[in-house]
Amino acid sequence: MSNAQPDDRHVTAAAPFGAIEGTHWIETLNDGSVVLIRPLRPEDRQRETDFIHRLSDQARRFRFLGKLKEATPALLDQLMDVDERHRMAFVALAHDDGELREVGISRYSASGDEKQCECAVTVADDWRHRGLAVLLMRRLIEIARKNGFRRMFSIDAAGNEPMRELADYLGFQRRLDPDDAAQVIHTLDL
C-alpha cells in the first residue's frame, strides 16, 4: 500500500461537515494509515461490488445476516440508492497499488415513521482494528441527527463481537431481538 494520501478527482477541497455535496474528509487512522471518507456516489458501484467480493465469508454473513456468495444486481441497486436524506452512505477509500479501493462503508436507511433509521457499517478484513468503523459511524450519526432522525438502530447477529464492541463504544443500547434469538438489536437515541 502506498503512503500517498488519498485523493478524489471529483473533489477539490474539504468542505465543512453538514454540507454533503462535494464534501470529503482525509482521516489518519490509529495505525497512521490515511483514508478519504466521503458520501457514496453512483460511480462507486464497481468499488462496492469489489468490496463485498473481498470480504471474508464471516464478514459477509455478519453484514447481510446470512450467507451471501456475491452481490446481485438487485442488491447493488439497493445499496447504491442514496438520497442523502432518507438513505445515506459514507465510503472510506484508500490507495492500493495506484487505485482507490473501498475499505469501509457506513450507511443508514429511514424506517417506517421517518424518525428512526437502520444503520450498518462494514470494514474490509485487512483494515479492521484501526479505528475506521468508529470514524465512519460518527459521520453517519452526525448526519442522521442533522437530518432529523431521533433514533438509530442496527440488527446484528448475536455472535458479532466486533459490532457489539463498536456499539458499546458508541453508546448504543443492546437487547435481544424478540423475533429471532440469534440476533440482537442495538439502538442509539440521537
# chains A, B, ... in the order shown; residues from 1 in each chain; ligands from 1
call {"tool": "residues_around", "arguments": {"residues": "Gln116 of chain A", "least_positions_apart": "5", "cutoff": "10 Å", "atoms": "only C-alpha atoms", "output": "PyMOL selection string"}}
result
chain A and resi 86+108-111+144+148-153+187-190
call {"tool": "write_last_selection", "arguments": {"atoms": "all heavy atoms", "output": "tab-separated table (two decimals), in the first residue's frame"}}
result
chain	number	residue	atom	x	y	z
A	86	HIS	N	-33.01	10.36	3.35
A	86	HIS	CA	-33.65	9.13	3.85
A	86	HIS	C	-32.70	7.93	3.82
A	86	HIS	O	-32.85	7.01	4.60
A	86	HIS	CB	-34.90	8.81	3.04
A	86	HIS	CG	-35.92	9.89	3.12
A	86	HIS	ND1	-36.01	10.87	2.16
A	86	HIS	CD2	-36.86	10.17	4.04
A	86	HIS	CE1	-36.98	11.70	2.49
A	86	HIS	NE2	-37.51	11.29	3.63
A	108	TYR	N	-27.15	4.39	6.47
A	108	TYR	CA	-28.43	4.28	7.16
A	108	TYR	C	-29.55	4.37	6.14
A	108	TYR	O	-29.37	4.88	5.02
A	108	TYR	CB	-28.60	5.31	8.28
A	108	TYR	CG	-28.90	6.73	7.86
A	108	TYR	CD1	-30.10	7.09	7.26
A	108	TYR	CD2	-27.98	7.74	8.10
A	108	TYR	CE1	-30.38	8.39	6.89
A	108	TYR	CE2	-28.24	9.05	7.74
A	108	TYR	CZ	-29.45	9.37	7.13
A	108	TYR	OH	-29.72	10.67	6.77
A	109	SER	N	-30.71	3.90	6.55
A	109	SER	CA	-31.92	3.98	5.75
A	109	SER	C	-33.08	4.25	6.69
A	109	SER	O	-33.21	3.60	7.73
A	109	SER	CB	-32.15	2.66	5.00
A	109	SER	OG	-33.30	2.75	4.19
A	110	ALA	N	-33.90	5.23	6.32
A	110	ALA	CA	-35.07	5.56	7.13
A	110	ALA	C	-35.98	4.34	7.23
A	110	ALA	O	-36.10	3.56	6.29
A	110	ALA	CB	-35.84	6.73	6.52
A	111	SER	N	-36.61	4.21	8.39
A	111	SER	CA	-37.54	3.10	8.58
A	111	SER	C	-38.87	3.63	9.05
A	111	SER	O	-38.92	4.47	9.95
A	111	SER	CB	-36.97	2.08	9.58
A	111	SER	OG	-36.89	2.66	10.84
A	144	ALA	N	-27.30	11.79	10.50
A	144	ALA	CA	-28.65	11.33	10.86
A	144	ALA	C	-29.30	12.35	11.80
A	144	ALA	O	-30.48	12.68	11.64
A	144	ALA	CB	-28.59	9.94	11.51
A	148	GLY	N	-32.71	14.99	11.14
A	148	GLY	CA	-33.91	14.92	11.95
A	148	GLY	C	-34.28	13.57	12.53
A	148	GLY	O	-35.35	13.43	13.13
A	149	PHE	N	-33.43	12.58	12.39
A	149	PHE	CA	-33.73	11.29	12.98
A	149	PHE	C	-33.53	11.36	14.49
A	149	PHE	O	-32.65	12.07	14.97
A	149	PHE	CB	-32.86	10.18	12.37
A	149	PHE	CG	-33.19	9.91	10.94
A	149	PHE	CD1	-32.42	10.44	9.91
A	149	PHE	CD2	-34.29	9.14	10.61
A	149	PHE	CE1	-32.74	10.21	8.59
A	149	PHE	CE2	-34.63	8.89	9.29
A	149	PHE	CZ	-33.84	9.43	8.27
A	150	ARG	N	-34.35	10.62	15.21
A	150	ARG	CA	-34.27	10.62	16.68
A	150	ARG	C	-33.68	9.34	17.24
A	150	ARG	O	-33.27	9.31	18.39
A	150	ARG	CB	-35.66	10.84	17.27
A	150	ARG	CG	-36.19	12.22	16.93
A	150	ARG	CD	-37.46	12.49	17.69
A	150	ARG	NE	-37.95	13.81	17.32
A	150	ARG	CZ	-39.23	14.11	17.27
A	150	ARG	NH1	-40.13	13.21	17.59
A	150	ARG	NH2	-39.60	15.32	16.92
A	151	ARG	N	-33.66	8.29	16.43
A	151	ARG	CA	-33.12	7.01	16.89
A	151	ARG	C	-32.48	6.28	15.71
A	151	ARG	O	-32.99	6.30	14.60
A	151	ARG	CB	-34.22	6.14	17.49
A	151	ARG	CG	-33.71	4.77	17.92
A	151	ARG	CD	-34.73	3.99	18.66
A	151	ARG	NE	-34.82	4.60	19.99
A	151	ARG	CZ	-35.68	4.25	20.91
A	151	ARG	NH1	-36.54	3.29	20.67
A	151	ARG	NH2	-35.68	4.84	22.08
A	152	MET	N	-31.35	5.64	16.01
A	152	MET	CA	-30.66	4.81	15.03
A	152	MET	C	-30.61	3.41	15.61
A	152	MET	O	-30.42	3.24	16.82
A	152	MET	CB	-29.25	5.37	14.81
A	152	MET	CG	-28.42	4.62	13.80
A	152	MET	SD	-26.80	5.44	13.56
A	152	MET	CE	-27.26	6.65	12.31
A	153	PHE	N	-30.80	2.41	14.76
A	153	PHE	CA	-30.72	1.04	15.24
A	153	PHE	C	-30.03	0.15	14.23
A	153	PHE	O	-29.93	0.48	13.05
A	153	PHE	CB	-32.11	0.48	15.60
A	153	PHE	CG	-33.00	0.23	14.42
A	153	PHE	CD1	-33.06	-1.03	13.82
A	153	PHE	CD2	-33.79	1.25	13.90
A	153	PHE	CE1	-33.89	-1.25	12.73
A	153	PHE	CE2	-34.63	1.03	12.82
A	153	PHE	CZ	-34.67	-0.23	12.22
A	187	THR	N	-29.54	0.03	19.70
A	187	THR	CA	-30.24	1.30	19.45
A	187	THR	C	-29.48	2.45	20.10
A	187	THR	O	-28.86	2.31	21.14
A	187	THR	CB	-31.68	1.28	20.02
A	187	THR	OG1	-31.62	1.02	21.42
A	187	THR	CG2	-32.54	0.23	19.34
A	188	LEU	N	-29.56	3.60	19.43
A	188	LEU	CA	-28.93	4.81	19.92
A	188	LEU	C	-29.92	5.95	19.77
A	188	LEU	O	-30.41	6.22	18.67
A	188	LEU	CB	-27.66	5.14	19.10
A	188	LEU	CG	-26.93	6.41	19.49
A	188	LEU	CD1	-26.28	6.26	20.88
A	188	LEU	CD2	-25.88	6.75	18.44
A	189	ASP	N	-30.25	6.61	20.88
A	189	ASP	CA	-31.08	7.80	20.81
A	189	ASP	C	-30.22	8.95	20.31
A	189	ASP	O	-29.13	9.19	20.82
A	189	ASP	CB	-31.66	8.14	22.19
A	189	ASP	CG	-32.72	7.14	22.63
A	189	ASP	OD1	-33.38	6.53	21.75
A	189	ASP	OD2	-32.89	6.96	23.86
A	190	LEU	N	-30.72	9.62	19.30
A	190	LEU	CA	-29.97	10.72	18.70
A	190	LEU	C	-30.44	12.03	19.28
A	190	LEU	O	-29.86	13.03	19.18
A	190	LEU	CB	-30.15	10.72	17.17
A	190	LEU	CG	-29.74	9.42	16.46
A	190	LEU	CD1	-30.11	9.48	14.97
A	190	LEU	CD2	-28.25	9.20	16.60
call {"tool": "residues_around", "arguments": {"residues": "segment 102-107 of chain A", "least_positions_apart": "3", "cutoff": "10 Å", "atoms": "only C-alpha atoms", "output": "JSON, numbers by chain"}}
result
{"A": [35, 36, 37, 38, 39, 40, 44, 46, 47, 48, 49, 50, 51, 52, 54, 55, 79, 82, 87, 88, 89, 90, 91, 92, 93, 94, 95, 96, 99, 117, 118, 119, 120, 121, 122, 123, 124, 125, 126, 127, 128, 132, 133, 134, 135, 136, 137, 138, 139, 140, 141, 144]}
call {"tool": "select_by_dssp", "arguments": {"residues": "segment 148-177 of chain A", "states": "strand (DSSP E or B)", "output": "list in words"}}
result
Arg151, Met152, Phe153, Ser154, Ile155, Asp156, Ala157, Gln173, Arg174, Arg175, Leu176 and Asp177 of chain A
call {"tool": "write_last_selection", "arguments": {"atoms": "N, CA and C atoms", "output": "mmCIF file, in the first residue's frame"}}
result
data_model
loop_
_atom_site.group_PDB
_atom_site.id
_atom_site.type_symbol
_atom_site.label_atom_id
_atom_site.label_comp_id
_atom_site.auth_asym_id
_atom_site.auth_seq_id
_atom_site.Cartn_x
_atom_site.Cartn_y
_atom_site.Cartn_z
ATOM 1 N N ARG A 151 -33.657 8.291 16.428
ATOM 2 C CA ARG A 151 -33.119 7.012 16.890
ATOM 3 C C ARG A 151 -32.480 6.283 15.711
ATOM 4 N N MET A 152 -31.353 5.644 16.008
ATOM 5 C CA MET A 152 -30.661 4.809 15.028
ATOM 6 C C MET A 152 -30.614 3.405 15.610
ATOM 7 N N PHE A 153 -30.799 2.408 14.764
ATOM 8 C CA PHE A 153 -30.722 1.037 15.245
ATOM 9 C C PHE A 153 -30.026 0.149 14.228
ATOM 10 N N SER A 154 -29.540 -0.973 14.737
ATOM 11 C CA SER A 154 -28.863 -1.960 13.906
ATOM 12 C C SER A 154 -29.300 -3.338 14.375
ATOM 13 N N ILE A 155 -29.625 -4.196 13.442
ATOM 14 C CA ILE A 155 -29.968 -5.582 13.753
ATOM 15 C C ILE A 155 -28.756 -6.420 13.371
ATOM 16 N N ASP A 156 -28.218 -7.139 14.341
ATOM 17 C CA ASP A 156 -26.963 -7.853 14.137
ATOM 18 C C ASP A 156 -27.037 -9.276 14.655
ATOM 19 N N ALA A 157 -26.156 -10.117 14.135
ATOM 20 C CA ALA A 157 -26.024 -11.476 14.646
ATOM 21 C C ALA A 157 -25.549 -11.401 16.094
ATOM 22 N N GLN A 173 -27.487 0.972 22.980
ATOM 23 C CA GLN A 173 -28.046 0.012 23.924
ATOM 24 C C GLN A 173 -28.301 -1.291 23.169
ATOM 25 N N ARG A 174 -28.203 -2.400 23.864
ATOM 26 C CA ARG A 174 -28.340 -3.706 23.226
ATOM 27 C C ARG A 174 -29.457 -4.502 23.882
ATOM 28 N N ARG A 175 -30.237 -5.194 23.037
ATOM 29 C CA ARG A 175 -31.248 -6.113 23.543
ATOM 30 C C ARG A 175 -31.418 -7.255 22.556
ATOM 31 N N LEU A 176 -31.919 -8.366 23.041
ATOM 32 C CA LEU A 176 -32.192 -9.496 22.150
ATOM 33 C C LEU A 176 -33.339 -9.146 21.211
ATOM 34 N N ASP A 177 -33.258 -9.637 19.992
ATOM 35 C CA ASP A 177 -34.334 -9.454 19.021
ATOM 36 C C ASP A 177 -35.490 -10.367 19.448
#
call {"tool": "select_by_dssp", "arguments": {"residues": "segment 3-173 of chain A", "states": "helix (DSSP H, G or I)", "output": "ChimeraX atom specification"}}
result
/A:42-54,57-64,73-80,125-127,132-146,161-170
